[in-house]
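Listing of input-v6.cif, mmCIF, N, CA and C atoms and all ligand atoms
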data_protein
loop_
_atom_site.label_atom_id
_atom_site.label_comp_id
_atom_site.auth_asym_id
_atom_site.auth_seq_id
_atom_site.Cartn_x
_atom_site.Cartn_y
_atom_site.Cartn_z
N MET A 18 -36.84 -1.80 26.96
CA MET A 18 -36.61 -0.91 25.82
C MET A 18 -35.21 -1.16 25.23
N ILE A 19 -35.15 -1.31 23.93
CA ILE A 19 -33.84 -1.53 23.29
C ILE A 19 -33.09 -0.20 23.27
N GLU A 20 -31.90 -0.22 23.83
CA GLU A 20 -31.06 0.98 23.89
C GLU A 20 -29.67 0.67 23.34
N ARG A 21 -28.93 1.76 23.13
CA ARG A 21 -27.50 1.66 22.82
C ARG A 21 -26.71 2.40 23.88
N THR A 22 -25.53 1.88 24.19
CA THR A 22 -24.65 2.53 25.14
C THR A 22 -23.22 2.47 24.62
N LEU A 23 -22.40 3.43 25.03
CA LEU A 23 -20.99 3.37 24.64
C LEU A 23 -20.17 2.73 25.76
N ALA A 24 -19.39 1.73 25.39
CA ALA A 24 -18.45 1.10 26.32
C ALA A 24 -17.03 1.35 25.83
N ILE A 25 -16.11 1.47 26.77
CA ILE A 25 -14.68 1.54 26.42
C ILE A 25 -13.94 0.52 27.28
N ILE A 26 -13.16 -0.33 26.64
CA ILE A 26 -12.19 -1.16 27.35
C ILE A 26 -10.92 -0.32 27.40
N LYS A 27 -10.62 0.19 28.60
CA LYS A 27 -9.61 1.24 28.77
C LYS A 27 -8.19 0.67 28.60
N PRO A 28 -7.20 1.57 28.47
CA PRO A 28 -5.83 1.11 28.21
C PRO A 28 -5.28 0.13 29.24
N ASP A 29 -5.69 0.24 30.49
CA ASP A 29 -5.17 -0.71 31.50
C ASP A 29 -5.65 -2.12 31.20
N ALA A 30 -6.91 -2.26 30.79
CA ALA A 30 -7.47 -3.59 30.50
C ALA A 30 -6.91 -4.15 29.20
N VAL A 31 -6.67 -3.28 28.22
CA VAL A 31 -6.03 -3.75 26.98
C VAL A 31 -4.64 -4.29 27.30
N ARG A 32 -3.89 -3.56 28.15
CA ARG A 32 -2.53 -4.03 28.53
C ARG A 32 -2.57 -5.36 29.26
N LYS A 33 -3.65 -5.60 30.01
CA LYS A 33 -3.78 -6.88 30.75
C LYS A 33 -4.26 -8.02 29.86
N ARG A 34 -4.57 -7.73 28.60
CA ARG A 34 -5.03 -8.74 27.64
C ARG A 34 -6.33 -9.41 28.10
N VAL A 35 -7.29 -8.55 28.48
CA VAL A 35 -8.61 -9.07 28.87
C VAL A 35 -9.72 -8.51 27.97
N ILE A 36 -9.34 -8.08 26.74
CA ILE A 36 -10.36 -7.59 25.81
C ILE A 36 -11.42 -8.68 25.57
N GLY A 37 -10.97 -9.85 25.22
CA GLY A 37 -11.90 -10.93 24.89
C GLY A 37 -12.76 -11.33 26.08
N GLU A 38 -12.13 -11.38 27.24
CA GLU A 38 -12.87 -11.76 28.45
C GLU A 38 -13.99 -10.75 28.73
N ILE A 39 -13.71 -9.47 28.52
CA ILE A 39 -14.72 -8.44 28.79
C ILE A 39 -15.82 -8.47 27.72
N ILE A 40 -15.44 -8.62 26.46
CA ILE A 40 -16.48 -8.66 25.42
C ILE A 40 -17.37 -9.89 25.61
N ASN A 41 -16.80 -10.99 26.06
CA ASN A 41 -17.60 -12.18 26.36
C ASN A 41 -18.67 -11.88 27.41
N ARG A 42 -18.31 -11.09 28.41
CA ARG A 42 -19.31 -10.73 29.44
C ARG A 42 -20.46 -9.95 28.82
N TYR A 43 -20.14 -9.00 27.93
CA TYR A 43 -21.22 -8.22 27.30
C TYR A 43 -22.15 -9.16 26.54
N GLU A 44 -21.57 -10.03 25.74
CA GLU A 44 -22.39 -10.91 24.91
C GLU A 44 -23.21 -11.88 25.75
N GLN A 45 -22.61 -12.42 26.78
CA GLN A 45 -23.34 -13.37 27.64
C GLN A 45 -24.50 -12.69 28.35
N ALA A 46 -24.37 -11.38 28.60
CA ALA A 46 -25.43 -10.62 29.28
C ALA A 46 -26.50 -10.12 28.31
N GLY A 47 -26.36 -10.43 27.04
CA GLY A 47 -27.37 -10.01 26.07
C GLY A 47 -27.12 -8.65 25.47
N LEU A 48 -25.92 -8.13 25.64
CA LEU A 48 -25.54 -6.85 25.02
C LEU A 48 -24.77 -7.16 23.73
N THR A 49 -25.33 -6.77 22.61
CA THR A 49 -24.73 -7.10 21.32
C THR A 49 -23.81 -5.97 20.86
N PRO A 50 -22.53 -6.26 20.57
CA PRO A 50 -21.68 -5.22 19.97
C PRO A 50 -22.17 -4.92 18.55
N VAL A 51 -22.56 -3.66 18.32
CA VAL A 51 -23.02 -3.26 16.98
C VAL A 51 -22.02 -2.31 16.31
N ALA A 52 -20.97 -1.96 17.03
CA ALA A 52 -19.84 -1.18 16.48
C ALA A 52 -18.66 -1.44 17.39
N ILE A 53 -17.46 -1.53 16.80
CA ILE A 53 -16.27 -1.82 17.62
C ILE A 53 -15.02 -1.37 16.88
N LYS A 54 -14.09 -0.74 17.60
CA LYS A 54 -12.78 -0.44 17.01
C LYS A 54 -11.75 -0.19 18.10
N MET A 55 -10.48 -0.38 17.75
CA MET A 55 -9.38 -0.04 18.65
C MET A 55 -8.85 1.32 18.23
N ILE A 56 -8.69 2.21 19.22
CA ILE A 56 -8.16 3.53 18.93
C ILE A 56 -7.14 3.91 20.01
N HIS A 57 -6.14 4.70 19.62
CA HIS A 57 -5.24 5.30 20.61
C HIS A 57 -5.63 6.77 20.67
N MET A 58 -6.35 7.16 21.72
CA MET A 58 -6.83 8.55 21.84
C MET A 58 -5.66 9.48 22.04
N SER A 59 -5.71 10.61 21.37
CA SER A 59 -4.80 11.69 21.73
C SER A 59 -5.30 12.29 23.04
N LYS A 60 -4.45 13.09 23.67
CA LYS A 60 -4.91 13.71 24.93
C LYS A 60 -6.11 14.61 24.67
N SER A 61 -6.11 15.32 23.56
CA SER A 61 -7.23 16.24 23.31
C SER A 61 -8.52 15.48 23.00
N VAL A 62 -8.43 14.32 22.37
CA VAL A 62 -9.63 13.50 22.16
C VAL A 62 -10.17 13.02 23.51
N ALA A 63 -9.28 12.61 24.41
CA ALA A 63 -9.72 12.19 25.75
C ALA A 63 -10.35 13.37 26.50
N GLU A 64 -9.76 14.54 26.37
CA GLU A 64 -10.31 15.74 27.04
C GLU A 64 -11.71 16.08 26.52
N GLY A 65 -11.92 15.92 25.23
CA GLY A 65 -13.24 16.18 24.67
C GLY A 65 -14.27 15.16 25.14
N PHE A 66 -13.84 13.91 25.23
CA PHE A 66 -14.75 12.85 25.68
C PHE A 66 -15.18 13.08 27.12
N TYR A 67 -14.22 13.47 27.96
CA TYR A 67 -14.50 13.63 29.40
C TYR A 67 -14.73 15.10 29.77
N ALA A 68 -15.15 15.92 28.81
CA ALA A 68 -15.33 17.36 29.07
C ALA A 68 -16.21 17.64 30.29
N VAL A 69 -17.18 16.76 30.53
CA VAL A 69 -18.09 16.94 31.67
C VAL A 69 -17.32 16.94 33.01
N HIS A 70 -16.12 16.34 33.02
CA HIS A 70 -15.32 16.26 34.25
C HIS A 70 -14.20 17.29 34.30
N LYS A 71 -14.23 18.30 33.41
CA LYS A 71 -13.01 19.14 33.31
C LYS A 71 -12.69 19.95 34.56
N ALA A 72 -13.67 20.17 35.44
CA ALA A 72 -13.39 20.90 36.69
C ALA A 72 -12.89 19.98 37.80
N ARG A 73 -12.89 18.68 37.58
CA ARG A 73 -12.52 17.73 38.63
C ARG A 73 -11.00 17.68 38.81
N PRO A 74 -10.55 17.46 40.04
CA PRO A 74 -9.09 17.42 40.28
C PRO A 74 -8.38 16.30 39.52
N PHE A 75 -9.11 15.23 39.20
CA PHE A 75 -8.47 14.09 38.53
C PHE A 75 -8.50 14.20 37.01
N PHE A 76 -9.04 15.30 36.46
CA PHE A 76 -9.25 15.40 35.01
C PHE A 76 -7.97 15.21 34.20
N ASP A 77 -6.91 15.92 34.57
CA ASP A 77 -5.69 15.84 33.76
C ASP A 77 -5.09 14.43 33.81
N SER A 78 -5.05 13.87 35.01
CA SER A 78 -4.52 12.52 35.17
C SER A 78 -5.36 11.50 34.40
N LEU A 79 -6.68 11.65 34.46
CA LEU A 79 -7.59 10.76 33.73
C LEU A 79 -7.31 10.82 32.23
N CYS A 80 -7.14 12.03 31.70
CA CYS A 80 -6.93 12.16 30.25
C CYS A 80 -5.55 11.66 29.83
N THR A 81 -4.57 11.80 30.71
CA THR A 81 -3.24 11.22 30.46
C THR A 81 -3.35 9.70 30.41
N PHE A 82 -4.06 9.12 31.36
CA PHE A 82 -4.28 7.67 31.38
C PHE A 82 -5.00 7.20 30.11
N MET A 83 -6.08 7.88 29.77
CA MET A 83 -6.89 7.42 28.63
C MET A 83 -6.14 7.55 27.30
N SER A 84 -5.09 8.39 27.28
CA SER A 84 -4.29 8.53 26.06
C SER A 84 -2.95 7.78 26.18
N SER A 85 -2.84 6.90 27.18
CA SER A 85 -1.55 6.22 27.43
C SER A 85 -1.34 4.99 26.56
N GLY A 86 -2.35 4.59 25.80
CA GLY A 86 -2.23 3.41 24.95
C GLY A 86 -3.56 3.17 24.28
N PRO A 87 -3.64 2.13 23.44
CA PRO A 87 -4.91 1.88 22.76
C PRO A 87 -6.03 1.44 23.70
N SER A 88 -7.24 1.79 23.30
CA SER A 88 -8.48 1.36 23.96
C SER A 88 -9.32 0.66 22.91
N VAL A 89 -10.33 -0.09 23.37
CA VAL A 89 -11.34 -0.62 22.46
C VAL A 89 -12.66 0.10 22.78
N VAL A 90 -13.22 0.76 21.77
CA VAL A 90 -14.50 1.45 21.96
C VAL A 90 -15.58 0.64 21.25
N LEU A 91 -16.72 0.49 21.91
CA LEU A 91 -17.82 -0.32 21.37
C LEU A 91 -19.16 0.37 21.59
N VAL A 92 -20.08 0.12 20.68
CA VAL A 92 -21.48 0.42 20.94
C VAL A 92 -22.15 -0.92 21.24
N LEU A 93 -22.80 -0.98 22.40
CA LEU A 93 -23.52 -2.18 22.82
C LEU A 93 -25.01 -1.90 22.70
N GLN A 94 -25.73 -2.87 22.15
CA GLN A 94 -27.17 -2.69 21.96
C GLN A 94 -27.92 -3.83 22.65
N GLY A 95 -29.01 -3.48 23.32
CA GLY A 95 -29.84 -4.51 23.95
C GLY A 95 -30.87 -3.89 24.86
N ASP A 96 -31.67 -4.79 25.46
CA ASP A 96 -32.71 -4.33 26.37
C ASP A 96 -32.05 -3.64 27.57
N ASN A 97 -32.46 -2.41 27.85
CA ASN A 97 -31.94 -1.69 29.01
C ASN A 97 -30.42 -1.60 29.02
N ALA A 98 -29.82 -1.41 27.85
CA ALA A 98 -28.36 -1.55 27.70
C ALA A 98 -27.56 -0.63 28.63
N ILE A 99 -28.05 0.58 28.86
CA ILE A 99 -27.27 1.54 29.64
C ILE A 99 -27.13 1.05 31.08
N LYS A 100 -28.25 0.72 31.69
CA LYS A 100 -28.22 0.26 33.09
C LYS A 100 -27.57 -1.11 33.19
N LYS A 101 -27.85 -1.98 32.25
CA LYS A 101 -27.27 -3.32 32.28
C LYS A 101 -25.75 -3.26 32.24
N ASN A 102 -25.22 -2.39 31.36
CA ASN A 102 -23.76 -2.28 31.30
C ASN A 102 -23.19 -1.70 32.59
N ARG A 103 -23.86 -0.71 33.17
CA ARG A 103 -23.38 -0.15 34.45
C ARG A 103 -23.35 -1.24 35.53
N GLU A 104 -24.33 -2.15 35.49
CA GLU A 104 -24.35 -3.24 36.48
C GLU A 104 -23.21 -4.22 36.22
N LEU A 105 -22.95 -4.52 34.96
CA LEU A 105 -21.82 -5.42 34.64
C LEU A 105 -20.49 -4.82 35.08
N MET A 106 -20.37 -3.47 34.94
CA MET A 106 -19.12 -2.78 35.26
C MET A 106 -18.80 -2.80 36.76
N GLY A 107 -19.80 -2.52 37.59
CA GLY A 107 -19.58 -2.32 39.02
C GLY A 107 -19.19 -0.90 39.34
N ALA A 108 -18.99 -0.63 40.62
CA ALA A 108 -18.71 0.73 41.11
C ALA A 108 -17.43 1.29 40.50
N THR A 109 -17.37 2.62 40.42
CA THR A 109 -16.20 3.32 39.86
C THR A 109 -14.91 2.86 40.54
N ASP A 110 -14.95 2.74 41.87
CA ASP A 110 -13.77 2.30 42.63
C ASP A 110 -13.80 0.77 42.71
N PRO A 111 -12.85 0.10 42.06
CA PRO A 111 -12.86 -1.38 42.06
C PRO A 111 -12.91 -1.98 43.46
N ALA A 112 -12.37 -1.25 44.45
CA ALA A 112 -12.40 -1.77 45.82
C ALA A 112 -13.82 -1.83 46.36
N LYS A 113 -14.73 -1.06 45.75
CA LYS A 113 -16.13 -1.05 46.20
C LYS A 113 -17.03 -1.82 45.23
N ALA A 114 -16.47 -2.33 44.15
CA ALA A 114 -17.28 -3.03 43.15
C ALA A 114 -17.65 -4.43 43.64
N GLU A 115 -18.88 -4.84 43.36
CA GLU A 115 -19.36 -6.16 43.77
C GLU A 115 -18.54 -7.27 43.10
N PRO A 116 -18.32 -8.39 43.82
CA PRO A 116 -17.74 -9.57 43.17
C PRO A 116 -18.58 -9.95 41.95
N GLY A 117 -17.91 -10.36 40.90
CA GLY A 117 -18.63 -10.74 39.68
C GLY A 117 -18.68 -9.63 38.66
N THR A 118 -18.34 -8.40 39.07
CA THR A 118 -18.34 -7.29 38.11
C THR A 118 -16.98 -7.16 37.41
N ILE A 119 -17.00 -6.45 36.29
CA ILE A 119 -15.77 -6.27 35.52
C ILE A 119 -14.72 -5.50 36.32
N ARG A 120 -15.14 -4.45 36.98
CA ARG A 120 -14.15 -3.66 37.73
C ARG A 120 -13.61 -4.42 38.93
N HIS A 121 -14.43 -5.27 39.55
CA HIS A 121 -13.92 -6.09 40.65
C HIS A 121 -12.86 -7.04 40.11
N ALA A 122 -13.10 -7.60 38.95
CA ALA A 122 -12.17 -8.58 38.37
C ALA A 122 -10.91 -7.94 37.81
N HIS A 123 -11.04 -6.78 37.17
CA HIS A 123 -9.93 -6.26 36.37
C HIS A 123 -9.46 -4.85 36.72
N GLY A 124 -10.19 -4.13 37.56
CA GLY A 124 -9.78 -2.78 37.92
C GLY A 124 -8.60 -2.81 38.88
N THR A 125 -7.80 -1.74 38.84
CA THR A 125 -6.64 -1.64 39.72
C THR A 125 -6.91 -0.64 40.84
N ASN A 126 -7.48 0.51 40.48
CA ASN A 126 -7.83 1.53 41.48
C ASN A 126 -8.90 2.44 40.87
N ILE A 127 -9.28 3.50 41.59
CA ILE A 127 -10.42 4.31 41.16
C ILE A 127 -10.18 4.99 39.80
N GLU A 128 -8.92 5.15 39.42
CA GLU A 128 -8.64 5.73 38.11
C GLU A 128 -8.48 4.64 37.04
N PHE A 129 -7.66 3.66 37.31
CA PHE A 129 -7.39 2.58 36.36
C PHE A 129 -8.43 1.48 36.58
N ASN A 130 -9.63 1.72 36.08
CA ASN A 130 -10.76 0.84 36.45
C ASN A 130 -11.34 0.08 35.26
N ALA A 131 -10.53 -0.16 34.26
CA ALA A 131 -10.78 -1.16 33.19
C ALA A 131 -11.81 -0.81 32.13
N VAL A 132 -12.93 -0.21 32.52
CA VAL A 132 -14.00 0.02 31.54
C VAL A 132 -14.73 1.33 31.79
N HIS A 133 -15.33 1.81 30.70
CA HIS A 133 -16.25 2.95 30.75
C HIS A 133 -17.62 2.48 30.27
N GLY A 134 -18.67 3.12 30.79
CA GLY A 134 -20.02 2.91 30.27
C GLY A 134 -20.84 4.17 30.41
N SER A 135 -21.60 4.49 29.37
CA SER A 135 -22.47 5.68 29.43
C SER A 135 -23.39 5.57 30.65
N ASP A 136 -23.74 6.73 31.22
CA ASP A 136 -24.58 6.69 32.44
C ASP A 136 -26.01 7.18 32.24
N SER A 137 -26.39 7.60 31.02
CA SER A 137 -27.77 8.05 30.77
C SER A 137 -28.00 8.04 29.26
N PRO A 138 -29.25 8.11 28.82
CA PRO A 138 -29.49 8.18 27.38
C PRO A 138 -28.85 9.40 26.74
N GLU A 139 -28.82 10.51 27.45
CA GLU A 139 -28.21 11.74 26.89
C GLU A 139 -26.72 11.55 26.70
N THR A 140 -26.03 11.04 27.72
CA THR A 140 -24.58 10.86 27.57
C THR A 140 -24.29 9.76 26.54
N ALA A 141 -25.13 8.74 26.49
CA ALA A 141 -24.91 7.67 25.48
C ALA A 141 -24.97 8.27 24.08
N GLY A 142 -25.93 9.15 23.83
CA GLY A 142 -26.05 9.77 22.51
C GLY A 142 -24.81 10.57 22.15
N PHE A 143 -24.34 11.38 23.10
CA PHE A 143 -23.12 12.17 22.85
C PHE A 143 -21.92 11.26 22.64
N GLU A 144 -21.76 10.27 23.52
CA GLU A 144 -20.55 9.45 23.50
C GLU A 144 -20.48 8.55 22.25
N ILE A 145 -21.63 8.00 21.84
CA ILE A 145 -21.63 7.17 20.63
C ILE A 145 -21.27 8.04 19.42
N GLY A 146 -21.86 9.22 19.34
CA GLY A 146 -21.58 10.12 18.22
C GLY A 146 -20.14 10.64 18.22
N TYR A 147 -19.53 10.69 19.42
CA TYR A 147 -18.15 11.18 19.53
C TYR A 147 -17.18 10.23 18.81
N PHE A 148 -17.46 8.94 18.87
CA PHE A 148 -16.53 7.96 18.28
C PHE A 148 -17.01 7.28 17.00
N PHE A 149 -18.33 7.26 16.78
CA PHE A 149 -18.83 6.50 15.63
C PHE A 149 -19.80 7.29 14.77
N PRO A 150 -19.50 7.45 13.48
CA PRO A 150 -20.52 7.95 12.55
C PRO A 150 -21.56 6.84 12.36
N GLY A 151 -22.77 7.24 12.00
CA GLY A 151 -23.88 6.27 11.87
C GLY A 151 -23.54 5.09 10.98
N MET A 152 -22.77 5.33 9.91
CA MET A 152 -22.51 4.23 8.98
C MET A 152 -21.57 3.17 9.55
N GLU A 153 -20.97 3.41 10.73
CA GLU A 153 -20.12 2.39 11.36
C GLU A 153 -20.88 1.61 12.43
N ILE A 154 -22.19 1.85 12.55
CA ILE A 154 -22.99 1.13 13.57
C ILE A 154 -23.94 0.19 12.83
N PHE A 155 -23.88 -1.09 13.24
CA PHE A 155 -24.57 -2.15 12.50
C PHE A 155 -25.72 -2.76 13.32
N GLY A 156 -26.53 -1.92 13.89
CA GLY A 156 -27.61 -2.41 14.75
C GLY A 156 -28.90 -2.67 13.97
P1 LIG B 201 -17.71 6.19 35.99
O1 LIG B 201 -16.63 5.79 34.99
O2 LIG B 201 -18.01 5.09 36.97
O3 LIG B 201 -18.95 6.75 35.33
P2 LIG B 201 -17.00 8.93 36.67
O4 LIG B 201 -17.31 9.58 37.99
O5 LIG B 201 -17.83 9.35 35.49
O6 LIG B 201 -17.07 7.36 36.89
O7 LIG B 201 -15.47 9.21 36.39
C1 LIG B 201 -14.92 8.99 35.10
C2 LIG B 201 -13.59 8.28 35.26
O8 LIG B 201 -12.69 9.15 35.96
C3 LIG B 201 -13.63 7.02 36.12
O9 LIG B 201 -14.06 5.86 35.43
C4 LIG B 201 -12.19 6.91 36.57
O10 LIG B 201 -11.34 6.38 35.54
C5 LIG B 201 -11.83 8.38 36.80
N1 LIG B 201 -12.06 8.80 38.18
C6 LIG B 201 -13.26 8.97 38.80
N2 LIG B 201 -13.11 9.39 40.08
C7 LIG B 201 -11.78 9.48 40.27
C8 LIG B 201 -10.97 9.87 41.39
O11 LIG B 201 -11.47 10.22 42.49
N3 LIG B 201 -9.61 9.85 41.21
C9 LIG B 201 -9.03 9.48 40.01
N4 LIG B 201 -9.75 9.13 38.95
C10 LIG B 201 -11.11 9.12 39.07
MG MG B 202 -19.17 8.46 34.20
#
Do you think you could lay out the structure here as structure tokens?
Ligand code: IDP
Ligand code: MG
Amino acid sequence: MIERTLAIIKPDAVRKRVIGEIINRYEQAGLTPVAIKMIHMSKSVAEGFYAVHKARPFFDSLCTFMSSGPSVVLVLQGDNAIKKNRELMGATDPAKAEPGTIRHAHGTNIEFNAVHGSDSPETAGFEIGYFFPGMEIFG
């Protein structure tokens, strides 16, 4: 099934200059970028994006990190895009991520883990709409 998912190349990965390397992985895996932009999230934009985690002990630190510099946000489209991107990303904790995954290659720790990917069709719908109006998606 053709799906769309939201990906974020987080500020740590942008600082490491691996934007191109990560986008190449998406394209090689058959995930087509149909929307893309660089944004520097304010803390409140990060808090809104991660509202589902607001009760978690790491919430404030996560939102400080996500607003610490520019990120690249993308909509990826392709067959089974949500699960496929989660597989490309690897486990949340880079120390537990399989070799060959983005987080194994570029993550630093469980917080600074290089990329985000939607985890279900419901979250993908919310997350894509959070950053992109329909007219900015070229699928
Ligand atoms: P996911 O990004 O693999 O879906 P989530 O559990 O949804 O993982 O957590 C969202 C983000 O919050 C993670 O990508 C990571 O940046 C951060 N995070 C998750 N768990 C921890 C933790 O235990 N300590 C610090 N940061 C965390
Ligand atoms: Mg998540």
**Request:** Would you mind telling me which residue in A:Gly65, A:Pro50, A:Gly151, A:Pro74 lies nearest to A:Val92 when using only N, CA and C atoms?
**Result:**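 Residue with the minimum atom-to-atom distance to A:Val92: A:Pro50.
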**Asked** Got a sec: who's within 8 Å of stretch 116-126 of chain A, counting only N, CA and C atoms, leaving out chain neighbours fewer than 2 positions off, as JSON, numbers by chain?
**Response** {"A": [29, 30, 39, 104, 105, 106, 107, 108, 109, 110, 111, 112, 113, 114, 128, 129, 130, 131, 132]}
**Request:** Rank A:Phe143, A:Phe155, A:Tyr67, A:Phe148 by their smallest atom-to-atom distance to ligand LIG 201 (chain B), using only C-alpha atoms and all ligand atoms, and report the top residue only.
**Result:** A:Tyr67
**Request:** Could you tell me, as a PyMOL selection string, which residues of stretch 38-91 of chain A DSSP assigns to helix (DSSP H, G or I) when given the backbone?
**Result:** chain A and resi 38-45+60-66+68-70+76-83
Mind dumping the selected residues with N, CA and C atoms as a CSV table (one decimal), in the frame of the given file?
chain,number,residue,atom,x,y,z
A,38,GLU,N,-12.1,-11.4,27.2
A,38,GLU,CA,-12.9,-11.8,28.4
A,38,GLU,C,-14.0,-10.8,28.7
A,39,ILE,N,-13.7,-9.5,28.5
A,39,ILE,CA,-14.7,-8.4,28.8
A,39,ILE,C,-15.8,-8.5,27.7
A,40,ILE,N,-15.4,-8.6,26.5
A,40,ILE,CA,-16.5,-8.7,25.4
A,40,ILE,C,-17.4,-9.9,25.6
A,41,ASN,N,-16.8,-11.0,26.1
A,41,ASN,CA,-17.6,-12.2,26.4
A,41,ASN,C,-18.7,-11.9,27.4
A,42,ARG,N,-18.3,-11.1,28.4
A,42,ARG,CA,-19.3,-10.7,29.4
A,42,ARG,C,-20.5,-10.0,28.8
A,43,TYR,N,-20.1,-9.0,27.9
A,43,TYR,CA,-21.2,-8.2,27.3
A,43,TYR,C,-22.2,-9.2,26.5
A,44,GLU,N,-21.6,-10.0,25.7
A,44,GLU,CA,-22.4,-10.9,24.9
A,44,GLU,C,-23.2,-11.9,25.8
A,45,GLN,N,-22.6,-12.4,26.8
A,45,GLN,CA,-23.3,-13.4,27.6
A,45,GLN,C,-24.5,-12.7,28.4
A,60,LYS,N,-4.4,13.1,23.7
A,60,LYS,CA,-4.9,13.7,24.9
A,60,LYS,C,-6.1,14.6,24.7
A,61,SER,N,-6.1,15.3,23.6
A,61,SER,CA,-7.2,16.2,23.3
A,61,SER,C,-8.5,15.5,23.0
A,62,VAL,N,-8.4,14.3,22.4
A,62,VAL,CA,-9.6,13.5,22.2
A,62,VAL,C,-10.2,13.0,23.5
A,63,ALA,N,-9.3,12.6,24.4
A,63,ALA,CA,-9.7,12.2,25.8
A,63,ALA,C,-10.4,13.4,26.5
A,64,GLU,N,-9.8,14.5,26.4
A,64,GLU,CA,-10.3,15.7,27.0
A,64,GLU,C,-11.7,16.1,26.5
A,65,GLY,N,-11.9,15.9,25.2
A,65,GLY,CA,-13.2,16.2,24.7
A,65,GLY,C,-14.3,15.2,25.1
A,66,PHE,N,-13.8,13.9,25.2
A,66,PHE,CA,-14.8,12.8,25.7
A,66,PHE,C,-15.2,13.1,27.1
A,68,ALA,N,-15.2,15.9,28.8
A,68,ALA,CA,-15.3,17.4,29.1
A,68,ALA,C,-16.2,17.6,30.3
A,69,VAL,N,-17.2,16.8,30.5
A,69,VAL,CA,-18.1,16.9,31.7
A,69,VAL,C,-17.3,16.9,33.0
A,70,HIS,N,-16.1,16.3,33.0
A,70,HIS,CA,-15.3,16.3,34.2
A,70,HIS,C,-14.2,17.3,34.3
A,76,PHE,N,-9.0,15.3,36.5
A,76,PHE,CA,-9.2,15.4,35.0
A,76,PHE,C,-8.0,15.2,34.2
A,77,ASP,N,-6.9,15.9,34.6
A,77,ASP,CA,-5.7,15.8,33.8
A,77,ASP,C,-5.1,14.4,33.8
A,78,SER,N,-5.0,13.9,35.0
A,78,SER,CA,-4.5,12.5,35.2
A,78,SER,C,-5.4,11.5,34.4
A,79,LEU,N,-6.7,11.6,34.5
A,79,LEU,CA,-7.6,10.8,33.7
A,79,LEU,C,-7.3,10.8,32.2
A,80,CYS,N,-7.1,12.0,31.7
A,80,CYS,CA,-6.9,12.2,30.2
A,80,CYS,C,-5.6,11.7,29.8
A,81,THR,N,-4.6,11.8,30.7
A,81,THR,CA,-3.2,11.2,30.5
A,81,THR,C,-3.4,9.7,30.4
A,82,PHE,N,-4.1,9.1,31.4
A,82,PHE,CA,-4.3,7.7,31.4
A,82,PHE,C,-5.0,7.2,30.1
A,83,MET,N,-6.1,7.9,29.8
A,83,MET,CA,-6.9,7.4,28.6
A,83,MET,C,-6.1,7.6,27.3
**Request:** Fewer than 4 positions away in the same chain doesn't count, so skip those; otherwise give me all residues within 6.5 Å of A:Val51, counting only N, CA and C atoms, as a ChimeraX atom specification.
**Result:** /A:91-94,153-156
**Surrounding residues as a VMD selection string, ligand MG 202 (chain B), max 10 Å, only C-alpha atoms and all ligand atoms** = chain A and resid 67 69 to 70 103 109 133 to 137 140
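Excluding A:His57 itself and same-chain residues fewer than 5 positions from it, the residues having an atom within 10 Å of it are Pro28, Val62, Ala63, Met83, Ser84, Ser85, Gly86, Pro87, Ser88 and Val89 of chain A, counting only C-alpha atoms.
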**Prompt:** From the set A:Ala46, A:Met55, A:Ala24, A:Cys80, which residue has the shortest atom-to-atom contact distance to A:Gly95, counting only N, CA and C atoms?
**Reply:**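 Residue with the minimum atom-to-atom distance to A:Gly95: A:Ala46.
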